[in-house]
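structure-v1.txt (compact mmCIF, C-alpha atoms)
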# COMPACT_ATOMS: atom_id res chain seq x y z
CA MET X 1 -2.48 -66.64 14.01
CA GLY X 2 -2.39 -64.98 17.48
CA SER X 3 -4.83 -65.30 20.33
CA MET X 4 -8.12 -63.47 20.11
CA PRO X 5 -9.51 -63.51 23.65
CA THR X 6 -12.92 -62.11 24.52
CA LEU X 7 -12.99 -59.55 27.34
CA SER X 8 -16.01 -58.70 29.45
CA PHE X 9 -16.10 -55.91 32.02
CA ALA X 10 -18.04 -55.31 35.22
CA THR X 11 -21.36 -53.54 34.65
CA ARG X 12 -20.01 -50.77 36.87
CA LEU X 13 -17.49 -49.98 34.10
CA ARG X 14 -20.06 -49.58 31.33
CA ALA X 15 -19.39 -45.85 30.98
CA VAL X 16 -15.72 -46.38 30.14
CA ALA X 17 -15.54 -49.97 28.77
CA PRO X 18 -17.07 -51.75 25.77
CA PRO X 19 -20.56 -52.42 27.18
CA ASP X 20 -21.10 -55.82 25.59
CA GLY X 21 -17.56 -57.12 25.81
CA THR X 22 -15.08 -57.18 22.98
CA ARG X 23 -12.77 -59.56 21.12
CA VAL X 24 -9.22 -58.33 20.58
CA GLN X 25 -5.78 -59.55 19.57
CA GLY X 26 -3.53 -60.25 22.58
CA GLU X 27 -1.10 -63.00 23.61
CA SER X 28 -1.37 -62.08 27.28
CA VAL X 29 -3.97 -60.45 29.53
CA ARG X 30 -1.91 -57.25 29.55
CA ALA X 31 -1.67 -57.20 25.76
CA ALA X 32 -5.39 -57.83 25.44
CA LEU X 33 -6.16 -55.05 27.92
CA GLU X 34 -3.83 -52.66 26.06
CA ALA X 35 -5.77 -53.39 22.88
CA VAL X 36 -9.01 -52.41 24.64
CA PHE X 37 -7.43 -49.30 26.21
CA ALA X 38 -6.45 -48.14 22.70
CA SER X 39 -10.12 -47.64 21.88
CA HIS X 40 -11.29 -46.91 25.46
CA PRO X 41 -8.51 -44.79 27.03
CA MET X 42 -10.41 -43.82 30.21
CA LEU X 43 -10.71 -47.53 31.11
CA ARG X 44 -6.96 -47.81 31.82
CA GLY X 45 -7.11 -45.85 35.10
CA TYR X 46 -9.98 -48.01 36.35
CA VAL X 47 -8.09 -51.29 35.90
CA LEU X 48 -4.43 -50.28 36.40
CA ASP X 49 -2.82 -47.88 38.87
CA ASP X 50 -0.30 -45.10 38.06
CA GLN X 51 2.51 -47.68 37.92
CA GLY X 52 0.67 -49.94 35.50
CA ALA X 53 -0.09 -52.57 38.15
CA LEU X 54 -3.48 -54.25 38.46
CA ARG X 55 -5.58 -52.40 41.05
CA LYS X 56 -5.79 -54.33 44.30
CA HIS X 57 -9.56 -54.78 44.25
CA VAL X 58 -9.98 -55.54 40.57
CA ALA X 59 -10.53 -59.24 39.95
CA ILE X 60 -9.46 -60.89 36.69
CA PHE X 61 -10.68 -64.34 35.66
CA VAL X 62 -9.11 -66.12 32.71
CA ASP X 63 -11.13 -69.11 31.54
CA GLY X 64 -12.78 -69.36 34.92
CA ILE X 65 -9.68 -69.08 37.08
CA ARG X 66 -9.08 -66.00 39.21
CA LEU X 67 -5.58 -64.58 38.84
CA GLN X 68 -3.98 -61.88 40.97
CA GLY X 69 -1.64 -58.95 40.49
CA THR X 70 1.30 -59.34 38.15
CA GLU X 71 0.41 -62.97 37.53
CA ALA X 72 -2.95 -61.91 36.10
CA LEU X 73 -1.45 -59.40 33.67
CA ARG X 74 1.27 -61.81 32.50
CA ALA X 75 -1.10 -64.73 32.01
CA PRO X 76 -1.05 -66.07 28.45
CA THR X 77 -4.30 -66.22 26.57
CA ARG X 78 -5.55 -68.94 24.25
CA GLU X 79 -7.36 -68.47 20.97
CA ALA X 80 -10.80 -68.50 22.53
CA SER X 81 -9.98 -67.32 26.06
CA GLU X 82 -12.70 -65.63 28.07
CA ILE X 83 -11.40 -62.85 30.28
CA HIS X 84 -13.63 -61.24 32.90
CA VAL X 85 -12.61 -57.98 34.58
CA LEU X 86 -14.73 -57.59 37.71
CA GLN X 87 -14.79 -55.72 40.99
CA ALA X 88 -13.52 -57.87 43.83
CA LEU X 89 -15.89 -57.99 46.78
CA SER X 90 -12.84 -57.58 49.02
CA GLY X 91 -12.95 -53.91 48.01
CA GLY X 92 -16.23 -53.42 49.90
CA MET L 93 -25.08 -14.80 51.27
CA SER L 94 -24.27 -17.82 49.19
CA ASP L 95 -27.26 -19.76 47.87
CA ARG L 96 -25.42 -22.92 46.78
CA ILE L 97 -23.75 -25.69 48.78
CA LEU L 98 -21.67 -28.51 47.31
CA VAL L 99 -21.96 -31.63 49.45
CA SER L 100 -19.53 -34.47 48.73
CA THR L 101 -20.99 -37.70 50.10
CA ARG L 102 -20.26 -41.42 50.12
CA LYS L 103 -22.90 -41.79 47.39
CA GLY L 104 -22.51 -38.83 45.10
CA LEU L 105 -22.30 -35.05 44.93
CA PHE L 106 -25.39 -33.24 46.16
CA ILE L 107 -25.77 -29.64 45.05
CA LEU L 108 -28.08 -27.75 47.35
CA ALA L 109 -29.81 -24.50 46.39
CA ARG L 110 -31.69 -22.12 48.66
CA GLN L 111 -35.11 -21.52 47.17
CA ALA L 112 -37.77 -19.47 48.98
CA GLY L 113 -35.75 -19.64 52.17
CA GLU L 114 -35.36 -23.44 52.14
CA TRP L 115 -32.31 -25.48 51.16
CA ARG L 116 -33.28 -28.12 48.58
CA VAL L 117 -31.41 -30.68 46.51
CA LEU L 118 -30.94 -29.07 43.09
CA HIS L 119 -28.81 -31.86 41.61
CA ALA L 120 -27.90 -35.32 42.89
CA ALA L 121 -24.86 -35.64 40.63
CA LEU L 122 -22.39 -38.49 40.07
CA SER L 123 -24.88 -40.73 41.82
CA GLY L 124 -23.33 -43.55 43.83
CA ALA L 125 -19.74 -42.31 43.55
CA PRO L 126 -17.78 -41.86 46.80
CA MET L 127 -16.94 -38.15 46.53
CA THR L 128 -13.91 -36.68 48.24
CA ALA L 129 -13.77 -33.01 47.15
CA ALA L 130 -15.63 -30.40 45.12
CA LEU L 131 -14.95 -26.85 44.03
CA SER L 132 -16.90 -24.14 42.23
CA ASP L 133 -14.89 -21.69 40.12
CA PRO L 134 -17.41 -19.23 38.69
CA ARG L 135 -14.60 -17.30 36.94
CA ALA L 136 -13.99 -20.37 34.78
CA GLY L 137 -17.70 -21.24 34.66
CA VAL L 138 -17.09 -24.70 36.08
CA LEU L 139 -17.56 -27.04 38.98
CA TYR L 140 -14.86 -29.59 39.73
CA ALA L 141 -15.41 -32.79 41.68
CA ALA L 142 -13.27 -35.72 42.78
CA ALA L 143 -14.23 -39.27 43.71
CA ASN L 144 -12.42 -42.24 45.15
CA HIS L 145 -14.00 -45.27 43.54
CA GLY L 146 -12.19 -47.69 45.81
CA HIS L 147 -11.98 -50.64 43.45
CA PHE L 148 -11.27 -48.47 40.44
CA GLY L 149 -9.22 -45.60 41.87
CA ALA L 150 -9.48 -41.84 42.14
CA LYS L 151 -11.38 -39.91 39.46
CA PHE L 152 -11.76 -36.23 38.54
CA TYR L 153 -14.77 -34.57 36.94
CA ARG L 154 -15.80 -31.15 35.59
CA SER L 155 -19.23 -29.66 35.01
CA GLU L 156 -19.91 -26.72 32.74
CA ASP L 157 -23.64 -26.53 33.43
CA GLY L 158 -23.75 -25.88 37.16
CA GLY L 159 -23.65 -29.54 38.11
CA ALA L 160 -26.47 -30.90 35.93
CA SER L 161 -23.90 -33.05 34.11
CA PHE L 162 -20.23 -33.93 34.62
CA GLN L 163 -17.47 -35.07 32.31
CA GLU L 164 -14.64 -37.30 33.54
CA LEU L 165 -11.19 -35.82 32.87
CA ALA L 166 -7.66 -37.06 33.44
CA CYS L 167 -6.82 -37.47 37.10
CA PRO L 168 -3.56 -36.28 38.65
CA ALA L 169 -1.10 -39.19 38.42
CA PHE L 170 2.38 -39.99 39.64
CA ALA L 171 5.07 -40.71 37.08
CA LYS L 172 5.64 -44.35 36.26
CA SER L 173 8.92 -45.56 37.72
CA GLU L 174 11.14 -48.00 35.84
CA ASP L 175 10.59 -50.88 38.22
CA GLY L 176 6.95 -50.05 38.91
CA SER L 177 7.61 -49.40 42.62
CA GLY L 178 6.59 -45.71 42.47
CA PRO L 179 3.50 -44.19 44.09
CA SER L 180 0.00 -44.31 42.74
CA LEU L 181 -2.72 -41.77 43.39
CA PHE L 182 -5.17 -42.95 46.04
CA GLN L 183 -7.37 -39.90 46.44
CA ILE L 184 -7.81 -36.21 45.69
CA TRP L 185 -8.39 -34.77 49.18
CA CYS L 186 -8.82 -31.08 48.44
CA LEU L 187 -9.37 -28.83 45.42
CA GLU L 188 -8.63 -25.11 45.43
CA ALA L 189 -9.01 -22.45 42.72
CA GLY L 190 -5.80 -20.79 41.57
CA ALA L 191 -5.16 -17.10 41.05
CA SER L 192 -6.12 -17.25 37.38
CA PRO L 193 -9.45 -18.73 36.28
CA GLY L 194 -8.10 -21.82 34.52
CA THR L 195 -5.86 -22.85 37.39
CA VAL L 196 -6.88 -25.50 39.90
CA TRP L 197 -4.79 -27.16 42.62
CA ALA L 198 -5.30 -30.66 43.98
CA GLY L 199 -3.98 -31.88 47.33
CA CYS L 200 -3.76 -35.66 47.28
CA ILE L 201 -3.12 -38.94 49.09
CA PRO L 202 -0.22 -39.85 48.84
CA ASP L 203 0.83 -36.31 49.66
CA GLY L 204 1.43 -34.92 46.18
CA LEU L 205 0.38 -31.39 45.32
CA PHE L 206 -0.77 -31.14 41.71
CA ARG L 207 -1.56 -28.12 39.56
CA SER L 208 -3.62 -27.75 36.39
CA ASP L 209 -3.60 -24.60 34.27
CA ASP L 210 -6.18 -25.79 31.75
CA ARG L 211 -9.31 -26.26 33.86
CA GLY L 212 -8.36 -29.78 34.89
CA GLU L 213 -7.48 -31.17 31.45
CA SER L 214 -3.91 -31.98 32.50
CA TRP L 215 -1.91 -31.97 35.75
CA ARG L 216 1.66 -31.64 36.94
CA LEU L 217 3.15 -32.64 40.27
CA ILE L 218 4.79 -29.84 42.27
CA GLN L 219 8.10 -31.67 42.41
CA PRO L 220 10.02 -29.44 44.90
CA LEU L 221 7.55 -30.23 47.70
CA TRP L 222 7.46 -33.92 46.80
CA ASP L 223 11.29 -34.03 46.85
CA ARG L 224 11.72 -32.58 50.37
CA PRO L 225 13.72 -35.18 52.34
CA GLU L 226 11.63 -34.63 55.51
CA ARG L 227 8.71 -36.28 53.73
CA ALA L 228 10.30 -39.66 54.40
CA ARG L 229 9.30 -39.25 58.08
CA ALA L 230 5.64 -38.50 57.31
CA PHE L 231 2.97 -41.20 57.65
CA GLY L 232 -0.71 -41.67 57.00
CA GLY L 233 -3.47 -40.59 59.37
CA SER L 234 -6.57 -42.79 58.84
CA TYR L 235 -5.08 -43.75 55.47
CA ASP L 236 -2.09 -45.83 54.37
CA HIS L 237 -0.25 -42.74 53.10
CA PRO L 238 0.12 -39.12 54.18
CA GLY L 239 -2.13 -36.65 52.37
CA ILE L 240 -2.62 -32.95 51.68
CA HIS L 241 -6.04 -31.84 52.91
CA SER L 242 -5.59 -28.08 53.27
CA PHE L 243 -4.15 -25.80 50.60
CA LEU L 244 -4.15 -22.01 51.02
CA ILE L 245 -3.33 -19.30 48.49
CA ASP L 246 -2.59 -15.84 49.89
CA PRO L 247 -5.05 -13.46 48.19
CA ARG L 248 -2.55 -10.58 48.61
CA ASN L 249 0.17 -12.49 46.78
CA PRO L 250 -0.85 -15.69 45.00
CA ARG L 251 2.78 -16.86 44.92
CA HIS L 252 2.46 -17.47 48.68
CA LEU L 253 1.14 -20.99 49.28
CA ILE L 254 0.55 -23.15 52.33
CA ALA L 255 -0.09 -26.90 52.30
CA ALA L 256 -0.98 -28.96 55.37
CA ILE L 257 -0.36 -32.69 55.50
CA SER L 258 -1.73 -35.48 57.73
CA CYS L 259 0.70 -36.53 59.11
CA GLY L 260 3.48 -34.47 57.58
CA GLY L 261 3.34 -30.94 58.98
CA VAL L 262 2.66 -27.57 57.40
CA TRP L 263 4.64 -26.34 54.40
CA ALA L 264 4.90 -22.86 52.91
CA SER L 265 6.21 -21.53 49.62
CA GLU L 266 6.73 -17.89 48.70
CA ASP L 267 7.66 -18.55 45.08
CA GLU L 268 4.58 -20.37 43.79
CA GLY L 269 5.88 -23.80 44.72
CA GLU L 270 9.50 -23.62 43.55
CA SER L 271 10.81 -23.95 47.12
CA TRP L 272 9.21 -24.91 50.42
CA GLU L 273 9.87 -24.47 54.13
CA MET L 274 8.31 -26.25 57.09
CA ARG L 275 6.21 -24.09 59.43
CA THR L 276 5.44 -26.14 62.52
CA ASP L 277 7.09 -24.34 65.45
CA GLY L 278 4.89 -24.67 68.51
CA LEU L 279 3.07 -27.83 67.42
CA LYS L 280 3.39 -30.97 69.52
CA ALA L 281 2.46 -34.57 68.70
CA ALA L 282 1.42 -36.73 71.69
CA TYR L 283 1.35 -39.84 69.47
CA MET L 284 5.16 -39.75 69.09
CA PRO L 285 7.91 -40.77 71.51
CA PRO L 286 8.64 -37.69 73.71
CA GLU L 287 11.96 -36.85 72.08
CA GLN L 288 10.28 -36.67 68.67
CA ASP L 289 7.05 -34.88 69.59
CA GLU L 290 8.12 -31.54 68.12
CA ASP L 291 9.40 -32.96 64.85
CA GLY L 292 7.60 -30.87 62.24
CA ALA L 293 7.58 -33.64 59.65
CA VAL L 294 5.29 -35.86 61.77
CA GLN L 295 2.77 -33.26 62.92
CA ASP L 296 -0.87 -34.05 62.16
CA PRO L 297 -2.76 -30.86 61.34
CA HIS L 298 -6.30 -32.15 60.72
CA ARG L 299 -7.29 -28.93 58.98
CA VAL L 300 -5.90 -25.41 58.53
CA SER L 301 -8.06 -22.39 57.66
CA ALA L 302 -7.00 -18.79 56.98
CA CYS L 303 -8.82 -15.48 57.43
CA ALA L 304 -9.31 -14.20 53.87
CA ALA L 305 -8.95 -10.53 54.91
CA ALA L 306 -5.89 -11.18 57.09
CA PRO L 307 -4.27 -14.27 55.53
CA ASP L 308 -1.36 -14.45 57.99
CA ARG L 309 -3.92 -15.43 60.62
CA LEU L 310 -4.27 -19.21 60.51
CA TRP L 311 -6.39 -21.51 62.64
CA MET L 312 -5.58 -25.19 63.01
CA GLN L 313 -7.39 -28.21 64.37
CA HIS L 314 -4.48 -30.55 65.16
CA HIS L 315 -4.69 -34.18 66.27
CA ASN L 316 -3.57 -33.01 69.71
CA GLY L 317 -5.31 -29.69 70.12
CA VAL L 318 -6.24 -26.35 68.62
CA PHE L 319 -3.61 -23.89 67.45
CA MET L 320 -3.49 -20.37 66.02
CA SER L 321 -0.82 -18.44 64.16
CA ARG L 322 -0.54 -14.70 63.54
CA ASP L 323 2.41 -14.98 61.16
CA ALA L 324 1.39 -17.43 58.43
CA GLY L 325 2.44 -20.45 60.45
CA ARG L 326 5.93 -19.38 61.50
CA ARG L 327 4.86 -19.73 65.13
CA TRP L 328 1.85 -21.67 66.40
CA LEU L 329 0.18 -20.88 69.74
CA ARG L 330 -1.88 -23.49 71.60
CA ILE L 331 -5.51 -22.57 72.31
CA GLU L 332 -7.62 -24.23 75.01
CA PRO L 333 -11.18 -24.77 73.75
CA PRO L 334 -13.91 -25.56 76.29
CA ILE L 335 -15.32 -28.91 75.13
CA SER L 336 -12.46 -30.92 73.65
CA GLY L 337 -9.22 -30.12 71.94
CA PHE L 338 -9.88 -32.97 69.53
CA GLY L 339 -11.80 -32.71 66.29
CA PHE L 340 -11.22 -32.43 62.58
CA ALA L 341 -12.83 -29.27 61.20
CA VAL L 342 -12.08 -25.57 61.56
CA ALA L 343 -13.43 -22.56 59.68
CA ALA L 344 -11.83 -19.11 59.88
CA HIS L 345 -14.01 -16.01 59.61
CA PRO L 346 -13.38 -14.39 56.21
CA ALA L 347 -13.13 -10.82 57.58
CA ASP L 348 -12.48 -10.98 61.33
CA PRO L 349 -9.12 -12.58 62.18
CA GLU L 350 -10.19 -13.10 65.81
CA THR L 351 -13.13 -15.37 64.91
CA ALA L 352 -13.09 -19.08 64.09
CA TRP L 353 -15.37 -22.10 64.50
CA PHE L 354 -14.51 -25.68 65.50
CA ALA L 355 -16.40 -28.99 65.65
CA PRO L 356 -15.21 -30.74 68.84
CA SER L 357 -15.25 -34.47 69.25
CA LYS L 358 -14.16 -36.85 72.00
CA SER L 359 -10.59 -37.99 71.49
CA ASP L 360 -9.10 -40.23 70.41
CA GLU L 361 -10.62 -43.64 70.37
CA HIS L 362 -14.22 -42.38 70.45
CA ARG L 363 -14.48 -39.80 67.72
CA PHE L 364 -17.98 -38.70 68.53
CA PRO L 365 -19.33 -35.81 70.60
CA GLU L 366 -18.70 -36.12 74.34
CA GLU L 367 -21.87 -37.52 75.98
CA GLY L 368 -23.77 -36.86 72.77
CA ARG L 369 -23.31 -33.10 73.06
CA PHE L 370 -23.12 -32.28 69.36
CA CYS L 371 -22.06 -28.64 69.06
CA ILE L 372 -19.87 -26.07 67.42
CA THR L 373 -17.49 -23.87 69.39
CA ARG L 374 -16.67 -20.33 68.34
CA THR L 375 -14.09 -17.85 69.49
CA ARG L 376 -14.38 -14.14 68.70
CA ASP L 377 -11.34 -12.99 70.63
CA GLY L 378 -8.48 -14.88 69.08
CA GLY L 379 -8.96 -17.99 71.20
CA ARG L 380 -9.10 -16.43 74.68
CA SER L 381 -12.72 -17.47 75.14
CA PHE L 382 -15.24 -19.67 73.35
CA ALA L 383 -19.01 -19.89 73.00
CA VAL L 384 -20.63 -23.31 72.71
CA LEU L 385 -23.22 -23.15 69.91
CA GLU L 386 -25.87 -25.87 69.91
CA THR L 387 -29.31 -24.28 69.42
CA GLY L 388 -31.03 -26.23 66.68
CA LEU L 389 -28.54 -29.10 66.71
CA PRO L 390 -29.84 -32.52 67.83
CA ARG L 391 -29.04 -33.84 71.30
CA PRO L 392 -27.97 -36.40 72.12
CA ALA L 393 -26.29 -36.99 68.79
CA TYR L 394 -23.20 -38.97 67.91
CA ASP L 395 -22.42 -37.31 64.59
CA LEU L 396 -18.80 -36.87 63.59
CA VAL L 397 -17.80 -33.91 61.42
CA TYR L 398 -14.91 -34.65 59.08
CA ARG L 399 -12.17 -32.12 58.35
CA HIS L 400 -14.00 -30.65 55.35
CA GLY L 401 -17.39 -30.85 57.05
CA LEU L 402 -17.67 -27.22 58.24
CA ASP L 403 -17.69 -24.10 56.07
CA VAL L 404 -18.45 -20.40 56.32
CA ASP L 405 -19.43 -18.29 53.32
CA ALA L 406 -17.98 -14.94 52.26
CA SER L 407 -20.49 -13.02 54.41
CA GLY L 408 -19.00 -14.53 57.57
CA ASP L 409 -22.53 -15.07 58.93
CA GLN L 410 -23.68 -18.15 57.05
CA LEU L 411 -22.30 -21.53 58.10
CA ALA L 412 -22.86 -25.08 56.92
CA LEU L 413 -22.10 -28.21 58.88
CA ALA L 414 -22.43 -31.86 57.86
CA SER L 415 -21.67 -35.20 59.46
CA THR L 416 -20.62 -38.72 58.64
CA THR L 417 -24.11 -39.90 59.60
CA GLY L 418 -25.63 -37.76 56.88
CA GLY L 419 -26.93 -34.80 58.87
CA LEU L 420 -26.60 -31.30 57.44
CA TRP L 421 -27.29 -28.01 59.23
CA THR L 422 -27.00 -24.38 58.23
CA SER L 423 -26.87 -21.18 60.25
CA ARG L 424 -27.39 -17.58 59.12
CA ASP L 425 -26.23 -15.93 62.32
CA GLY L 426 -22.69 -17.15 62.83
CA GLY L 427 -23.75 -20.42 64.45
CA GLU L 428 -26.13 -19.04 67.12
CA ARG L 429 -29.05 -20.98 65.65
CA TRP L 430 -28.94 -23.99 63.34
CA GLN L 431 -31.53 -25.31 60.90
CA ALA L 432 -31.49 -28.96 59.82
CA LEU L 433 -31.79 -29.88 56.17
CA SER L 434 -34.96 -31.94 55.81
CA VAL L 435 -33.16 -34.46 53.59
CA ARG L 436 -31.08 -37.21 55.21
CA LEU L 437 -27.92 -37.61 53.16
CA PRO L 438 -25.32 -40.36 52.75
CA PRO L 439 -22.21 -39.90 54.96
CA VAL L 440 -20.70 -36.49 54.19
CA SER L 441 -16.97 -36.11 53.58
CA ALA L 442 -16.90 -32.47 52.48
CA ILE L 443 -19.19 -29.46 52.37
CA ARG L 444 -18.59 -26.13 50.75
CA PHE L 445 -20.47 -22.99 49.79
CA ALA L 446 -20.30 -22.39 46.05

Target encoding structure tokens, full file:
Amino acid sequence: MGSMPTLSFATRLRAVAPPDGTRVQGESVRAALEAVFASHPMLRGYVLDDQGALRKHVAIFVDGIRLQGTEALRAPTREASEIHVLQALSGG
Amino acid sequence: MSDRILVSTRKGLFILARQAGEWRVLHAALSGAPMTAALSDPRAGVLYAAANHGHFGAKFYRSEDGGASFQELACPAFAKSEDGSGPSLFQIWCLEAGASPGTVWAGCIPDGLFRSDDRGESWRLIQPLWDRPERARAFGGSYDHPGIHSFLIDPRNPRHLIAAISCGGVWASEDEGESWEMRTDGLKAAYMPPEQDEDGAVQDPHRVSACAAAPDRLWMQHHNGVFMSRDAGRRWLRIEPPISGFGFAVAAHPADPETAWFAPSKSDEHRFPEEGRFCITRTRDGGRSFAVLETGLPRPAYDLVYRHGLDVDASGDQLALASTTGGLWTSRDGGERWQALSVRLPPVSAIRFA
């Protein structure tokens, strides 16, 4: 049985993301995000850049710990992981 | 005269309409979004708009109801490279309507030129311009990467294109983008070491505007002065304006090739009007002399006009001017007298008659 993390997105993304969060299959943050993008394709460009990297001012927390860049996308998820995709205040 | 103005601001797209002689806000669209460009293409029945969401990247929108509502569409994007080290779109900096109604061009940061032939549903990079080796010498002006802010299509022959890049010179194509040549002779960059100051690939044209009736006549506000060309940019001649050679915006008269307007600012570290003298300058004789137009403009005022902050409509008499401190003024007599919009707006990045 694979991981089924729960993803929640910044309120600012409500037009393109699942508004109340969603639970998807995904062994890593990237895999979990890909599962959400499958049903919400416009969301991809808000979280990742043209090269598939995490946007500089998007903050990802996995089980309460903020992860950055490639490390964030590669991070493994656990069965009941909570992933938050937020806008970093560094972006103004 | 046009009765619509598209105003791209830090907090959304404001569509102004002239009703009973007064400009009013008809739609405050895409509220809160930092807008970077807008375009009306009545032939296609659409408005296009671009935003740079900062945290969440550049976005592109289309309206089919005059701006009452917008739909987000795919944005121009750079191809994904194998190792992920390729470029990523930062911003759409200008939008221009193509020769046929469904065609729209986007000048971007980094300096990719993109084209859509399906009203913005899909985009392709104009690869021959992107692949020019001189581009390696270009660099960003105010941004991390160079960008295309001015894109001109010759109304006599829509295969003739001109793109201007900060800081990467002026480029022309006579085969609809298949091949490109640099057109920067006469330009000079004071921000470079002396032996490199005439290198075309590092020139910083802030904005280039063409006379619609005589499209070989170009006017340029450059980082280091004002220039004019009579031959579609093959040779640039320096002009000496009266207030300051620095500024961002220029608007060419649509019918009279001898007339153009500029928005001077104090260079280079100030970037506001000299001693608060907020004004527009206008030449009517090809740059030999200028009038300083300030009746109706506030004084003192420290407003800065960005490169897309000044526009003239097809009549050649009606002008619109907007600043980064949210002021907006219109004139119906070629800039002799200005009327302030009663609404204070968010900082304005671009203004355009629709």

*Select all residues from chain L having any atom no more than 10 Å from an atom of chain X (counting all atoms listed in the file, ignoring ligands), output as a PyMOL selection string.*
chain L and resi 145-151+164-182

Do you know which residues are at most 12 Å from Arg78 (chain X) counting only C-alpha atoms, after dropping those on the same chain fewer than 3 positions away, and could you put them as a JSON list (two decimals) with C-alpha atoms, in the frame of the given file?
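Output contents, as saved in out-v5.json:
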[["chain", "number", "residue", "atom", "x", "y", "z"],
["X", 1, "MET", "CA", -2.48, -66.64, 14.01],
["X", 2, "GLY", "CA", -2.39, -64.98, 17.48],
["X", 3, "SER", "CA", -4.83, -65.30, 20.33],
["X", 4, "MET", "CA", -8.12, -63.47, 20.11],
["X", 5, "PRO", "CA", -9.51, -63.51, 23.65],
["X", 6, "THR", "CA", -12.92, -62.11, 24.52],
["X", 24, "VAL", "CA", -9.22, -58.33, 20.58],
["X", 25, "GLN", "CA", -5.78, -59.55, 19.57],
["X", 26, "GLY", "CA", -3.53, -60.25, 22.58],
["X", 27, "GLU", "CA", -1.10, -63.00, 23.61],
["X", 28, "SER", "CA", -1.37, -62.08, 27.28],
["X", 29, "VAL", "CA", -3.97, -60.45, 29.53],
["X", 32, "ALA", "CA", -5.39, -57.83, 25.44],
["X", 62, "VAL", "CA", -9.11, -66.12, 32.71],
["X", 63, "ASP", "CA", -11.13, -69.11, 31.54],
["X", 75, "ALA", "CA", -1.10, -64.73, 32.01],
["X", 81, "SER", "CA", -9.98, -67.32, 26.06],
["X", 82, "GLU", "CA", -12.70, -65.63, 28.07],
["X", 83, "ILE", "CA", -11.40, -62.85, 30.28]]

Residues near Phe382 (chain L), anyone? I mean within 7 Å using only C-alpha atoms, not counting same-chain ones fewer than 5 positions away, as a PDB file with C-alpha atoms, in the frame of the given file.
ATOM      1  CA  PRO L 333     -11.180 -24.770  73.750  1.00  0.00           C
ATOM      2  CA  PRO L 334     -13.910 -25.560  76.290  1.00  0.00           C
ATOM      3  CA  THR L 373     -17.490 -23.870  69.390  1.00  0.00           C
ATOM      4  CA  ARG L 374     -16.670 -20.330  68.340  1.00  0.00           C
ATOM      5  CA  THR L 375     -14.090 -17.850  69.490  1.00  0.00           C
TER       6      THR L 375
END

Find the residues near Leu413 (chain L): any atom within 6 Å, counting only C-alpha atoms, skip ones fewer than 3 places away on the same chain, and give them as a short mmCIF file (atom, residue, chain, number, x, y, z; two decimals) with C-alpha atoms, keeping the file's coordinate frame.
data_model
loop_
_atom_site.label_atom_id
_atom_site.label_comp_id
_atom_site.auth_asym_id
_atom_site.auth_seq_id
_atom_site.Cartn_x
_atom_site.Cartn_y
_atom_site.Cartn_z
CA GLY L 401 -17.39 -30.85 57.05
CA LEU L 402 -17.67 -27.22 58.24
CA LEU L 420 -26.60 -31.30 57.44
CA TRP L 421 -27.29 -28.01 59.23
#

_Residue nearest Gly292 (chain L) - candidates L:Gly278, L:Gly261, L:Gly317, L:Gly378, atoms counted: all atoms listed in the file_ =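 Once distances to Gly292 (chain L) are computed over all atoms listed in the file, the minimum belongs to L:Gly261.
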
*Atomic separation - CA of Ser301 (chain L) relative to CA of Gln410 (chain L), Å*: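 Computing the Euclidean distance for CA of Gln410 (chain L) and CA of Ser301 (chain L) yields 16.2 Å.
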
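Here CA of Ala341 (chain L) is placed at a distance of 22.9 Å from CA of Ser434 (chain L).
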
_CA of Phe152 (chain L) to CA of Leu98 (chain L), distance in Å rounded to a single decimal_ =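 For CA of Phe152 (chain L) relative to CA of Leu98 (chain L), the distance reads 15.3 Å.
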
*asked:* Can you pull out the residues contacting Thr22 (chain X)? Cut-off 8 Å, using only C-alpha atoms, and skip same-chain residues under 2 positions away; I want them as a list in words.
replied: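 After dropping sequence-adjacent residues, the list is Thr6, Leu7, Ser8, Pro18, Asp20, Val24 and Val36 of chain X.
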
*Find, counting only C-alpha atoms, the residue in L:Gly199, L:Gly339, L:Pro439, L:Pro346 that gets nearest to Ala406 (chain L).*
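Nearest to Ala406 (chain L): L:Pro346.
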
*How would you write as number ranges by chain the residues that get within 9 Å of (-11.7, -32.5, 58.5) in the file's frame, counting all atoms listed in the file?*
L: 241, 298-299, 313, 339-342, 397-402, 441-442

Kindly save the residues from that selection, with C-alpha atoms included, as a JSON list (two decimals), keeping the file's coordinate frame.
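So the final result, stored in selection.json, reads:
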[["chain", "number", "residue", "atom", "x", "y", "z"],
["L", 241, "HIS", "CA", -6.04, -31.84, 52.91],
["L", 298, "HIS", "CA", -6.30, -32.15, 60.72],
["L", 299, "ARG", "CA", -7.29, -28.93, 58.98],
["L", 313, "GLN", "CA", -7.39, -28.21, 64.37],
["L", 339, "GLY", "CA", -11.80, -32.71, 66.29],
["L", 340, "PHE", "CA", -11.22, -32.43, 62.58],
["L", 341, "ALA", "CA", -12.83, -29.27, 61.20],
["L", 342, "VAL", "CA", -12.08, -25.57, 61.56],
["L", 397, "VAL", "CA", -17.80, -33.91, 61.42],
["L", 398, "TYR", "CA", -14.91, -34.65, 59.08],
["L", 399, "ARG", "CA", -12.17, -32.12, 58.35],
["L", 400, "HIS", "CA", -14.00, -30.65, 55.35],
["L", 401, "GLY", "CA", -17.39, -30.85, 57.05],
["L", 402, "LEU", "CA", -17.67, -27.22, 58.24],
["L", 441, "SER", "CA", -16.97, -36.11, 53.58],
["L", 442, "ALA", "CA", -16.90, -32.47, 52.48]]
